[in-house]
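S.K.: One file is attached below, coords.csv, containing CSV, C-alpha atoms and all ligand atoms.
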chain,number,residue,atom,x,y,z
S,1,MET,CA,53.2,120.8,95.0
S,2,ARG,CA,50.7,119.0,92.8
S,3,ALA,CA,50.9,115.2,92.2
S,4,ILE,CA,48.7,112.7,90.5
S,5,THR,CA,48.0,110.0,93.0
S,6,VAL,CA,45.8,106.9,93.4
S,7,LEU,CA,44.6,104.6,96.2
S,8,PRO,CA,46.1,101.4,94.9
S,9,GLY,CA,43.6,98.6,94.5
S,10,GLN,CA,40.7,101.1,94.2
S,11,ALA,CA,39.4,101.8,90.8
S,12,ASN,CA,38.9,105.5,89.7
S,13,SER,CA,40.6,106.9,92.8
S,14,ALA,CA,43.1,109.0,90.8
S,15,GLN,CA,43.2,112.7,91.8
S,16,LEU,CA,45.4,115.7,91.7
S,17,THR,CA,46.7,115.8,95.3
S,18,ASP,CA,48.6,118.6,97.1
S,19,MET,CA,51.7,116.9,98.4
S,20,PRO,CA,54.6,118.2,100.6
S,21,ASP,CA,57.9,118.9,98.7
S,22,PRO,CA,59.9,115.8,98.0
S,23,PRO,CA,61.9,114.5,101.0
S,24,LEU,CA,65.6,115.0,101.1
S,25,ASP,CA,65.9,111.3,101.8
S,26,ASP,CA,64.9,110.6,98.2
S,27,GLY,CA,68.2,112.0,97.0
S,28,PRO,CA,70.3,115.1,96.6
S,29,VAL,CA,69.2,115.8,92.9
S,30,LEU,CA,66.1,118.0,92.8
S,31,VAL,CA,64.2,117.7,89.5
S,32,GLU,CA,61.4,119.6,87.9
S,33,THR,CA,59.1,117.3,86.1
S,34,MET,CA,58.5,118.2,82.4
S,35,ALA,CA,56.4,115.3,81.2
S,36,ILE,CA,55.0,111.9,82.2
S,37,GLY,CA,54.2,109.2,79.7
S,38,VAL,CA,51.1,107.0,80.1
S,39,CYS,CA,51.2,103.3,79.4
S,40,GLY,CA,49.0,100.2,79.9
S,41,THR,CA,50.5,99.7,83.4
S,42,ASP,CA,49.3,103.2,84.5
S,43,ILE,CA,45.8,102.4,83.1
S,44,GLU,CA,45.8,99.2,85.2
S,45,ILE,CA,47.0,101.1,88.3
S,46,VAL,CA,44.2,103.7,87.8
S,47,GLY,CA,41.8,100.8,87.3
S,48,GLY,CA,42.7,99.4,90.8
S,49,LEU,CA,44.2,96.3,89.3
S,50,TYR,CA,47.9,96.8,90.0
S,51,GLY,CA,50.3,98.9,92.1
S,52,THR,CA,51.1,99.4,95.8
S,53,ALA,CA,51.6,102.5,97.9
S,54,PRO,CA,54.9,103.1,99.7
S,55,HIS,CA,55.1,101.5,103.2
S,56,GLY,CA,53.0,103.5,105.6
S,57,ALA,CA,51.3,105.7,102.9
S,58,GLU,CA,47.7,105.4,101.6
S,59,ARG,CA,48.2,107.0,98.2
S,60,LEU,CA,50.7,106.3,95.5
S,61,VAL,CA,52.1,109.0,93.3
S,62,ILE,CA,51.9,107.4,89.8
S,63,GLY,CA,54.2,108.0,86.8
S,64,HIS,CA,57.1,105.9,85.8
S,65,GLU,CA,57.8,107.2,82.3
S,66,SER,CA,59.4,110.6,83.0
S,67,LEU,CA,61.3,113.5,81.7
S,68,GLY,CA,62.6,116.3,83.9
S,69,ARG,CA,65.1,119.1,84.3
S,70,VAL,CA,67.5,119.3,87.2
S,71,ILE,CA,66.8,122.3,89.5
S,72,GLU,CA,69.7,121.7,91.8
S,73,ALA,CA,72.4,119.0,92.3
S,74,PRO,CA,75.6,118.7,94.3
S,75,MET,CA,78.8,119.1,92.3
S,76,GLU,CA,80.0,115.6,92.8
S,77,SER,CA,76.7,114.1,91.6
S,78,GLY,CA,77.7,114.6,87.9
S,79,PHE,CA,74.5,116.6,87.3
S,80,ALA,CA,74.0,120.4,87.0
S,81,ALA,CA,71.0,122.7,87.0
S,82,GLY,CA,69.4,122.6,83.6
S,83,ASP,CA,70.3,119.0,82.7
S,84,LEU,CA,67.6,116.9,81.1
S,85,VAL,CA,67.1,113.7,83.1
S,86,VAL,CA,65.0,110.5,83.2
S,87,GLY,CA,64.5,108.7,86.4
S,88,ILE,CA,65.0,104.9,86.5
S,89,VAL,CA,61.9,103.0,87.6
S,90,ARG,CA,63.2,100.1,89.7
S,91,ARG,CA,65.2,100.1,92.9
S,92,PRO,CA,67.1,97.1,94.1
S,93,ASP,CA,65.7,95.0,96.9
S,94,SER,CA,67.1,95.8,100.3
S,95,VAL,CA,68.5,92.2,101.0
S,96,PRO,CA,70.0,92.5,98.3
S,97,CYS,CA,69.7,89.4,96.1
S,98,PRO,CA,72.7,88.5,94.0
S,99,ASN,CA,71.4,90.4,90.9
S,100,CYS,CA,70.3,93.5,92.7
S,101,ALA,CA,73.7,93.6,94.5
S,102,VAL,CA,75.4,94.1,91.1
S,103,GLY,CA,73.0,96.6,89.6
S,104,GLU,CA,70.9,94.0,87.7
S,105,TRP,CA,67.7,94.9,89.5
S,106,ASP,CA,65.7,94.1,86.4
S,107,MET,CA,66.5,90.5,87.1
S,108,CYS,CA,65.7,90.6,90.9
S,109,ARG,CA,65.6,87.1,92.4
S,110,ASN,CA,63.5,87.7,95.5
S,111,GLY,CA,60.7,90.0,94.2
S,112,GLN,CA,61.4,92.5,96.9
S,113,TYR,CA,62.4,95.3,94.5
S,114,THR,CA,60.4,98.5,94.4
S,115,GLU,CA,59.3,100.5,91.4
S,116,ARG,CA,58.7,104.3,91.3
S,117,GLY,CA,55.1,105.0,90.4
S,118,ILE,CA,54.2,101.3,90.4
S,119,ASN,CA,55.2,99.2,93.4
S,120,GLY,CA,55.9,100.6,96.9
S,121,ARG,CA,57.6,103.9,95.9
S,122,HIS,CA,56.2,107.2,94.8
S,123,GLY,CA,56.5,107.9,91.1
S,124,TYR,CA,57.5,110.9,89.1
S,125,ALA,CA,54.0,112.5,88.4
S,126,SER,CA,54.6,115.3,90.8
S,127,GLU,CA,55.8,118.8,90.0
S,128,ARG,CA,59.1,118.1,91.6
S,129,TYR,CA,60.9,115.0,92.7
S,130,ARG,CA,64.3,114.1,94.3
S,131,ILE,CA,66.5,111.3,93.2
S,132,ARG,CA,69.9,109.7,93.9
S,133,PRO,CA,72.3,110.3,91.0
S,134,GLU,CA,72.8,106.6,90.3
S,135,PHE,CA,69.1,106.3,89.4
S,136,ALA,CA,69.0,109.3,87.1
S,137,VAL,CA,70.0,109.2,83.5
S,138,LYS,CA,71.3,112.3,81.7
S,139,LEU,CA,69.8,112.9,78.2
S,140,ASP,CA,71.1,114.9,75.3
S,141,ALA,CA,69.6,118.4,75.3
S,142,SER,CA,68.2,117.7,71.8
S,143,LEU,CA,65.8,115.2,73.2
S,144,ASP,CA,63.8,117.7,75.2
S,145,ARG,CA,60.6,117.0,73.2
S,146,VAL,CA,60.8,113.2,73.1
S,147,GLY,CA,63.0,112.2,76.0
S,148,VAL,CA,59.9,110.9,77.9
S,149,LEU,CA,60.2,107.9,75.5
S,150,LEU,CA,63.4,106.7,77.2
S,151,GLU,CA,61.7,104.4,79.8
S,152,PRO,CA,59.8,102.4,77.2
S,153,THR,CA,63.0,102.4,75.0
S,154,SER,CA,65.0,101.0,78.0
S,155,VAL,CA,62.5,98.1,78.2
S,156,VAL,CA,63.1,97.2,74.5
S,157,ALA,CA,66.8,97.8,74.8
S,158,LYS,CA,66.9,95.1,77.5
S,159,ALA,CA,64.7,92.8,75.4
S,160,TRP,CA,67.1,93.2,72.4
S,161,GLU,CA,70.2,92.7,74.6
S,162,HIS,CA,68.8,89.4,75.9
S,163,VAL,CA,67.8,88.3,72.4
S,164,GLU,CA,71.4,88.9,71.3
S,165,ARG,CA,72.9,87.2,74.2
S,166,ILE,CA,70.7,84.1,73.6
S,167,GLY,CA,71.5,84.3,69.9
S,168,ARG,CA,75.2,84.0,70.6
S,169,ARG,CA,74.7,80.5,72.0
S,170,ALA,CA,75.7,79.4,68.4
S,171,HIS,CA,76.6,81.1,65.1
S,172,TRP,CA,74.2,84.2,65.0
S,173,GLU,CA,73.2,85.8,61.7
S,174,PRO,CA,69.6,86.7,62.0
S,175,SER,CA,67.8,88.6,59.2
S,176,VAL,CA,64.0,88.6,59.7
S,177,VAL,CA,62.4,90.1,62.8
S,178,VAL,CA,58.7,90.0,63.6
S,179,VAL,CA,57.2,92.5,66.1
S,180,THR,CA,53.6,91.9,67.2
S,181,GLY,CA,51.8,95.0,68.3
S,182,ALA,CA,52.4,98.6,67.0
S,183,GLY,CA,52.0,100.3,70.4
S,184,PRO,CA,55.0,102.3,71.8
S,185,ILE,CA,56.8,99.2,72.9
S,186,GLY,CA,56.3,97.5,69.5
S,187,LEU,CA,57.3,100.5,67.5
S,188,LEU,CA,60.4,101.2,69.6
S,189,ALA,CA,61.4,97.5,69.3
S,190,ALA,CA,61.0,97.8,65.6
S,191,MET,CA,63.1,100.9,65.6
S,192,LEU,CA,65.9,99.1,67.4
S,193,GLY,CA,65.5,96.2,64.9
S,194,ARG,CA,65.9,98.6,62.0
S,195,GLN,CA,68.9,100.4,63.6
S,196,ARG,CA,70.5,96.9,63.6
S,197,GLY,CA,69.8,96.6,59.9
S,198,TYR,CA,67.2,93.7,60.0
S,199,GLU,CA,64.2,93.1,57.8
S,200,VAL,CA,61.4,94.1,60.3
S,201,HIS,CA,57.7,93.1,60.0
S,202,VAL,CA,55.2,94.7,62.4
S,203,PHE,CA,51.8,93.2,63.0
S,204,ASP,CA,48.8,95.0,64.5
S,205,ARG,CA,45.0,94.9,64.1
S,206,VAL,CA,44.3,98.4,62.9
S,207,THR,CA,44.3,99.4,59.3
S,208,ASN,CA,44.0,103.2,59.9
S,209,GLY,CA,45.4,105.8,62.2
S,210,PRO,CA,49.2,106.6,62.5
S,211,LYS,CA,50.6,103.1,63.0
S,212,PRO,CA,50.9,101.9,59.4
S,213,GLN,CA,52.7,105.0,58.3
S,214,LEU,CA,55.0,105.1,61.4
S,215,VAL,CA,56.0,101.5,60.6
S,216,SER,CA,56.7,102.2,56.9
S,217,ASP,CA,58.6,105.4,57.7
S,218,LEU,CA,61.0,103.2,59.7
S,219,GLY,CA,61.7,101.1,56.6
S,220,ALA,CA,59.7,98.2,58.1
S,221,THR,CA,56.7,96.4,56.7
S,222,TYR,CA,53.2,96.8,58.3
S,223,HIS,CA,50.8,93.9,58.4
S,224,ALA,CA,47.2,93.9,59.6
S,225,GLY,CA,46.7,90.3,58.5
S,226,SER,CA,47.7,87.0,60.2
S,227,VAL,CA,51.2,86.6,61.7
S,228,HIS,CA,51.0,83.0,60.4
S,229,ASP,CA,52.1,84.0,56.9
S,230,ILE,CA,55.5,85.4,58.0
S,231,VAL,CA,56.4,83.9,61.4
S,232,GLY,CA,57.9,80.8,59.7
S,233,ARG,CA,60.7,83.1,58.4
S,234,ALA,CA,61.3,84.9,61.7
S,235,ASP,CA,64.7,84.6,63.4
S,236,VAL,CA,63.5,86.9,66.2
S,237,VAL,CA,60.0,87.7,67.4
S,238,ILE,CA,59.4,90.5,69.9
S,239,GLU,CA,55.8,89.9,71.2
S,240,CYS,CA,54.4,93.1,72.5
S,241,THR,CA,50.6,92.5,72.9
S,242,GLY,CA,50.2,89.7,75.5
S,243,VAL,CA,47.3,88.4,73.4
S,244,SER,CA,47.0,84.6,74.0
S,245,ALA,CA,45.8,83.7,70.5
S,246,LEU,CA,48.7,85.5,69.0
S,247,ILE,CA,51.3,83.9,71.3
S,248,LEU,CA,49.8,80.5,70.4
S,249,GLN,CA,50.4,81.2,66.7
S,250,ILE,CA,54.0,82.1,67.4
S,251,LEU,CA,55.0,79.2,69.7
S,252,GLY,CA,57.1,76.7,67.9
S,253,SER,CA,56.4,78.3,64.5
S,254,THR,CA,59.5,80.5,64.0
S,255,ALA,CA,62.4,79.7,61.6
S,256,PRO,CA,64.8,77.1,63.0
S,257,ASP,CA,66.8,78.5,66.1
S,258,GLY,CA,64.2,81.2,66.4
S,259,ILE,CA,64.1,83.4,69.6
S,260,VAL,CA,60.8,84.7,70.9
S,261,CYS,CA,60.8,87.4,73.5
S,262,LEU,CA,57.5,88.0,75.4
S,263,THR,CA,57.2,91.6,76.7
S,264,GLY,CA,53.4,92.0,77.0
S,265,VAL,CA,52.0,91.8,80.5
S,266,SER,CA,48.7,90.0,79.8
S,267,SER,CA,45.7,89.7,81.9
S,268,ARG,CA,44.6,86.4,83.4
S,269,GLY,CA,41.4,84.6,82.8
S,270,THR,CA,41.3,83.8,79.1
S,271,PRO,CA,42.2,80.1,78.9
S,272,VAL,CA,43.0,78.8,75.4
S,273,GLN,CA,43.5,75.3,74.1
S,274,LEU,CA,47.1,74.4,73.3
S,275,ASP,CA,48.6,71.2,72.1
S,276,ILE,CA,51.6,71.5,74.3
S,277,GLY,CA,53.0,68.2,73.0
S,278,LEU,CA,53.1,69.7,69.5
S,279,ALA,CA,54.5,73.0,70.6
S,280,ASN,CA,57.2,71.2,72.7
S,281,ARG,CA,58.1,68.9,69.8
S,282,GLN,CA,58.4,71.9,67.4
S,283,MET,CA,60.4,73.9,69.9
S,284,VAL,CA,62.8,71.0,70.6
S,285,LEU,CA,63.3,70.1,67.0
S,286,GLY,CA,63.8,73.7,66.1
S,287,ASN,CA,66.1,74.7,69.0
S,288,ASP,CA,63.6,77.5,69.7
S,289,VAL,CA,63.8,79.8,72.7
S,290,LEU,CA,60.9,81.5,74.3
S,291,PHE,CA,61.6,83.9,77.1
S,292,GLY,CA,60.0,86.8,79.0
S,293,SER,CA,61.6,90.2,79.6
S,294,VAL,CA,60.5,93.1,81.9
S,295,ASN,CA,62.0,96.3,83.2
S,296,ALA,CA,65.5,97.6,82.6
S,297,ASN,CA,68.7,98.4,84.5
S,298,ARG,CA,71.0,101.4,84.1
S,299,ARG,CA,72.9,99.9,81.2
S,300,HIS,CA,69.6,99.5,79.2
S,301,TYR,CA,68.7,103.1,79.9
S,302,GLU,CA,72.1,104.2,78.5
S,303,THR,CA,71.7,102.0,75.4
S,304,GLY,CA,68.2,103.4,75.0
S,305,ALA,CA,69.4,107.0,75.3
S,306,THR,CA,72.0,106.3,72.5
S,307,ALA,CA,69.3,104.7,70.3
S,308,LEU,CA,66.9,107.7,70.8
S,309,ALA,CA,69.8,110.2,70.0
S,310,ALA,CA,70.4,108.2,66.7
S,311,ALA,CA,66.7,108.1,65.7
S,312,ASP,CA,64.8,110.5,63.6
S,313,PRO,CA,63.5,113.1,66.1
S,314,ALA,CA,60.5,113.9,63.9
S,315,TRP,CA,59.5,110.2,63.8
S,316,LEU,CA,59.9,109.9,67.6
S,317,GLY,CA,57.8,113.1,68.0
S,318,ARG,CA,55.0,111.4,66.0
S,319,LEU,CA,54.9,108.5,68.6
S,320,ILE,CA,53.7,111.1,71.1
S,321,THR,CA,50.1,111.4,69.8
S,322,ARG,CA,48.7,113.6,72.6
S,323,ARG,CA,50.4,116.2,74.8
S,324,VAL,CA,47.9,116.9,77.6
S,325,PRO,CA,48.5,119.8,80.0
S,326,LEU,CA,48.5,119.0,83.7
S,327,ASP,CA,45.2,120.6,84.4
S,328,GLN,CA,43.6,118.1,82.0
S,329,TRP,CA,45.6,115.1,83.2
S,330,GLN,CA,42.5,112.9,83.4
S,331,THR,CA,42.0,112.8,79.7
S,332,ALA,CA,45.5,111.3,79.2
S,333,LEU,CA,44.5,108.3,81.4
S,334,GLN,CA,41.7,107.4,79.1
S,335,ARG,CA,42.5,105.5,76.0
S,336,GLU,CA,41.5,107.2,72.7
S,337,ALA,CA,41.4,105.7,69.2
S,338,ASN,CA,44.7,106.4,67.4
S,339,ASP,CA,46.6,106.8,70.6
S,340,VAL,CA,50.2,105.7,70.4
S,341,LYS,CA,51.8,107.5,73.4
S,342,PRO,CA,49.8,110.1,75.4
S,343,ILE,CA,51.8,112.2,77.7
S,344,ILE,CA,51.0,114.7,80.5
S,345,GLU,CA,53.0,117.9,80.3
S,346,PHE,CA,53.9,119.4,83.7
S,347,ALA,CA,56.3,122.2,82.7
S,348,SER,CA,57.9,123.1,79.4
Y,1,LIG,C1,57.3,99.2,83.3
Y,1,LIG,C2,58.4,98.4,83.9
Y,1,LIG,C3,57.9,97.6,85.1
Y,1,LIG,C4,56.7,96.8,84.7
Y,1,LIG,C5,56.1,96.0,85.8
Y,1,LIG,C6,56.1,98.4,83.0
Y,1,LIG,O1,55.1,99.2,82.6
Y,1,LIG,O2,57.7,99.8,82.1
Y,1,LIG,O3,59.5,99.2,84.3
Y,1,LIG,O4,58.9,96.8,85.6
Y,1,LIG,O5,55.7,97.7,84.2
Y,1,LIG,O6,55.7,96.7,87.0
Could you quickly redo this structure as structure tokens?
Ligand code: BGC
M.R.:
Amino acid sequence: MRAITVLPGQANSAQLTDMPDPPLDDGPVLVETMAIGVCGTDIEIVGGLYGTAPHGAERLVIGHESLGRVIEAPMESGFAAGDLVVGIVRRPDSVPCPNCAVGEWDMCRNGQYTERGINGRHGYASERYRIRPEFAVKLDASLDRVGVLLEPTSVVAKAWEHVERIGRRAHWEPSVVVVTGAGPIGLLAAMLGRQRGYEVHVFDRVTNGPKPQLVSDLGATYHAGSVHDIVGRADVVIECTGVSALILQILGSTAPDGIVCLTGVSSRGTPVQLDIGLANRQMVLGNDVLFGSVNANRRHYETGATALAAADPAWLGRLITRRVPLDQWQTALQREANDVKPIIEFAS
């Protein structure tokens, strides 16, 4: 079968490789891949900056945002041929740490987790894969065009869950939400904010392309100006760019009791000047919280699946700005102006 693979650590090594069929050891549920989403992490992996191959292998099959259809599954698995499924990315570490032991692998304590298509485990960008039922999430059949958005939705479902848990440290009645970055993560974070009924403001640099309209069709407000004008009213900020200058503007500047969730995995090497004394003072006097959030566990995938099923399918469909057939897979791994989410279609 064909799979998109890389030599981790080596830029531009991606190729379509002929691979043996998925090993039975991977799990009893056999899935035919329908689509793979491409995100910044994939671009980093293809650029040789991130990712590791499975133990003993040279190449890594990429692809962690997936949508597939079950080909065969044992009766007791809860899956049946034809079911739409999304594979969970992370696997618990083998020790396991206290969090992985209870299914909270997104909060792994020892860093020995693996991630399909990213760290130490083959991903889903192969024509078929196998999976254990506890790591597969069933999707409503109506999501067959957009279900590939579940993985990024699970990431923001976790971010929102943690914002809400932190919020409940005291009386919690937020109204204004600021989202920085109108990429897939930002737009899906904004969608979850609107589903909760909040006043949502989304900031991005661009003034053209699909993003402004996607934001306003959510009932949120799009800004291409400075976040400075609105951040003082923000009860919640979901930061989705990882851009240092932007993070500096947000730090300590929210409304009192503000909660800032960082989701952007930034690159190193851009030192900026920060008056940490001032930021500390503002955060202490404002009871502010700043925290990071990555990955998702099964509960977040399930919350994400419910959120996708409740969203406007046409709006979700517009997030997928390019559907590239497998034989042109390379073009999906190159950024294009106006991209929101490019996907590679394996089978329909
Ligand atoms: C994925 C996460 C993963 C993270 C770090 C992100 O692109 O969505 O599931 O944990 O990369 O590897």
S.K.: Within 6 Å of ligand LIG 1 (chain Y), which residues of chain S show up? Give each one with its shortest atom-to-atom distance in Å (one decimal) and the two atoms involved, counting all atoms listed in the file, rows by chain then rising residue number, as JSON lines.
M.R.:
{"residue": "S:Thr41", "atom": "CA", "partner": "Y:LIG1", "partner_atom": "O1", "distance": 4.7}
{"residue": "S:Val89", "atom": "CA", "partner": "Y:LIG1", "partner_atom": "O3", "distance": 5.6}
{"residue": "S:Ile118", "atom": "CA", "partner": "Y:LIG1", "partner_atom": "O6", "distance": 5.9}
{"residue": "S:Pro152", "atom": "CA", "partner": "Y:LIG1", "partner_atom": "O2", "distance": 5.9}
{"residue": "S:Val294", "atom": "CA", "partner": "Y:LIG1", "partner_atom": "O4", "distance": 5.5}
{"residue": "S:Asn295", "atom": "CA", "partner": "Y:LIG1", "partner_atom": "O4", "distance": 4.0}
S.K.: Give me, please, the distance in Å between CA of Pro22 (chain S) and CA of Asn99 (chain S), quoted to one decimal.
M.R.: 28.8 Å
S.K.: If you count only C-alpha atoms, which residues fall within 6 Å of region 298-308 of chain S, apart from same-chain ones fewer than 5 positions away, as a PyMOL selection string?
M.R.: chain S and resi 153-154+157-158
S.K.: Taking every listed atom of region 212-222 of chain S and adding 4 Å to each side, what centre and edge lengths in Å (one decimal) does the axis-aligned box have, as JSON?
M.R.:
{"center_x": 56.3, "center_y": 100.9, "center_z": 59.0, "size_x": 18.8, "size_y": 17.0, "size_z": 12.8}
S.K.: So how far away is CA of Val231 (chain S) from CA of Val200 (chain S), in Å?
M.R.: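 Distance between the two atoms: 11.4 Å.
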S.K.: What lies within 10 Å of His162 (chain S) using only C-alpha atoms, ignoring chain neighbours under 5 positions off, as a list in words?
M.R.: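 Close residues of His162 (chain S): Val156, Ala157, Gly167, Arg168, Ile259, Cys261, Phe291, Gly292 and Ser293 of chain S.
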S.K.: Let me see the file: selected residues, C-alpha atoms, as a PDB file, in the coordinates of the input.
M.R.:
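The new file again-v7.pdb reads:
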ATOM      1  CA  VAL S 156      63.100  97.200  74.500  1.00  0.00           C
ATOM      2  CA  ALA S 157      66.800  97.800  74.800  1.00  0.00           C
ATOM      3  CA  GLY S 167      71.500  84.300  69.900  1.00  0.00           C
ATOM      4  CA  ARG S 168      75.200  84.000  70.600  1.00  0.00           C
ATOM      5  CA  ILE S 259      64.100  83.400  69.600  1.00  0.00           C
ATOM      6  CA  CYS S 261      60.800  87.400  73.500  1.00  0.00           C
ATOM      7  CA  PHE S 291      61.600  83.900  77.100  1.00  0.00           C
ATOM      8  CA  GLY S 292      60.000  86.800  79.000  1.00  0.00           C
ATOM      9  CA  SER S 293      61.600  90.200  79.600  1.00  0.00           C
TER      10      SER S 293
END
S.K.: Looking at only C-alpha atoms, which of S:Asp140, S:Ala3, S:Leu251, S:His201 is the one that sits closest to Ala279 (chain S)?
M.R.: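 Of all the options, S:Leu251 lies closest to Ala279 (chain S).
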S.K.: Using only C-alpha atoms, which of S:His171, S:Arg132, S:Asn287, S:Leu7 sits nearest Glu76 (chain S)?
M.R.: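 Residue with the minimum atom-to-atom distance to Glu76 (chain S): S:Arg132.
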S.K.: Please work out which residues fall within 12 Å of (59.1, 94.1, 88.0), coordinates as given in the file, with all atoms listed in the file counting, and return them as an mmCIF file with C-alpha atoms, in the frame of the given file.
M.R.:
data_model
loop_
_atom_site.group_PDB
_atom_site.id
_atom_site.type_symbol
_atom_site.label_atom_id
_atom_site.label_comp_id
_atom_site.auth_asym_id
_atom_site.auth_seq_id
_atom_site.Cartn_x
_atom_site.Cartn_y
_atom_site.Cartn_z
ATOM 1 C CA THR S 41 50.500 99.700 83.400
ATOM 2 C CA TYR S 50 47.900 96.800 90.000
ATOM 3 C CA GLY S 51 50.300 98.900 92.100
ATOM 4 C CA VAL S 89 61.900 103.000 87.600
ATOM 5 C CA ARG S 90 63.200 100.100 89.700
ATOM 6 C CA ARG S 91 65.200 100.100 92.900
ATOM 7 C CA PRO S 92 67.100 97.100 94.100
ATOM 8 C CA ASP S 93 65.700 95.000 96.900
ATOM 9 C CA GLU S 104 70.900 94.000 87.700
ATOM 10 C CA TRP S 105 67.700 94.900 89.500
ATOM 11 C CA ASP S 106 65.700 94.100 86.400
ATOM 12 C CA MET S 107 66.500 90.500 87.100
ATOM 13 C CA CYS S 108 65.700 90.600 90.900
ATOM 14 C CA ARG S 109 65.600 87.100 92.400
ATOM 15 C CA ASN S 110 63.500 87.700 95.500
ATOM 16 C CA GLY S 111 60.700 90.000 94.200
ATOM 17 C CA GLN S 112 61.400 92.500 96.900
ATOM 18 C CA TYR S 113 62.400 95.300 94.500
ATOM 19 C CA THR S 114 60.400 98.500 94.400
ATOM 20 C CA GLU S 115 59.300 100.500 91.400
ATOM 21 C CA ARG S 116 58.700 104.300 91.300
ATOM 22 C CA GLY S 117 55.100 105.000 90.400
ATOM 23 C CA ILE S 118 54.200 101.300 90.400
ATOM 24 C CA ASN S 119 55.200 99.200 93.400
ATOM 25 C CA GLY S 120 55.900 100.600 96.900
ATOM 26 C CA VAL S 155 62.500 98.100 78.200
ATOM 27 C CA THR S 263 57.200 91.600 76.700
ATOM 28 C CA VAL S 265 52.000 91.800 80.500
ATOM 29 C CA GLY S 292 60.000 86.800 79.000
ATOM 30 C CA SER S 293 61.600 90.200 79.600
ATOM 31 C CA VAL S 294 60.500 93.100 81.900
ATOM 32 C CA ASN S 295 62.000 96.300 83.200
ATOM 33 C CA ALA S 296 65.500 97.600 82.600
ATOM 34 C CA ASN S 297 68.700 98.400 84.500
#
S.K.: Between S:Gln213, S:Thr254, S:Thr221, S:Thr270, which one has atoms that come closest to Arg318 (chain S), using only C-alpha atoms?
M.R.: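 Ranked by minimum distance to Arg318 (chain S), first place goes to S:Gln213.
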S.K.: In Å to one decimal, how far is CA of Ile320 (chain S) from CA of Phe203 (chain S)?
M.R.: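 So the two atoms, CA of Phe203 (chain S) and CA of Ile320 (chain S), lie 19.7 Å apart.
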S.K.: Please identify all polymer residues within 7 Å of Thr180 (chain S), counting only C-alpha atoms, omitting same-chain residues fewer than 3 positions from it, and present them as a PDB file with C-alpha atoms, in the coordinates of the input.
M.R.:
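Final file, selection06.pdb:
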ATOM      1  CA  GLY S 186      56.300  97.500  69.500  1.00  0.00           C
ATOM      2  CA  VAL S 202      55.200  94.700  62.400  1.00  0.00           C
ATOM      3  CA  PHE S 203      51.800  93.200  63.000  1.00  0.00           C
ATOM      4  CA  ASP S 204      48.800  95.000  64.500  1.00  0.00           C
ATOM      5  CA  ILE S 238      59.400  90.500  69.900  1.00  0.00           C
ATOM      6  CA  GLU S 239      55.800  89.900  71.200  1.00  0.00           C
ATOM      7  CA  CYS S 240      54.400  93.100  72.500  1.00  0.00           C
ATOM      8  CA  THR S 241      50.600  92.500  72.900  1.00  0.00           C
TER       9      THR S 241
END
S.K.: Which one is closest to Ile45 (chain S): S:Thr33, S:Gln10, S:Ser126, S:Ser66? Count all atoms listed in the file.
M.R.: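 Using all atoms listed in the file, the shortest distance to Ile45 (chain S) belongs to S:Gln10.
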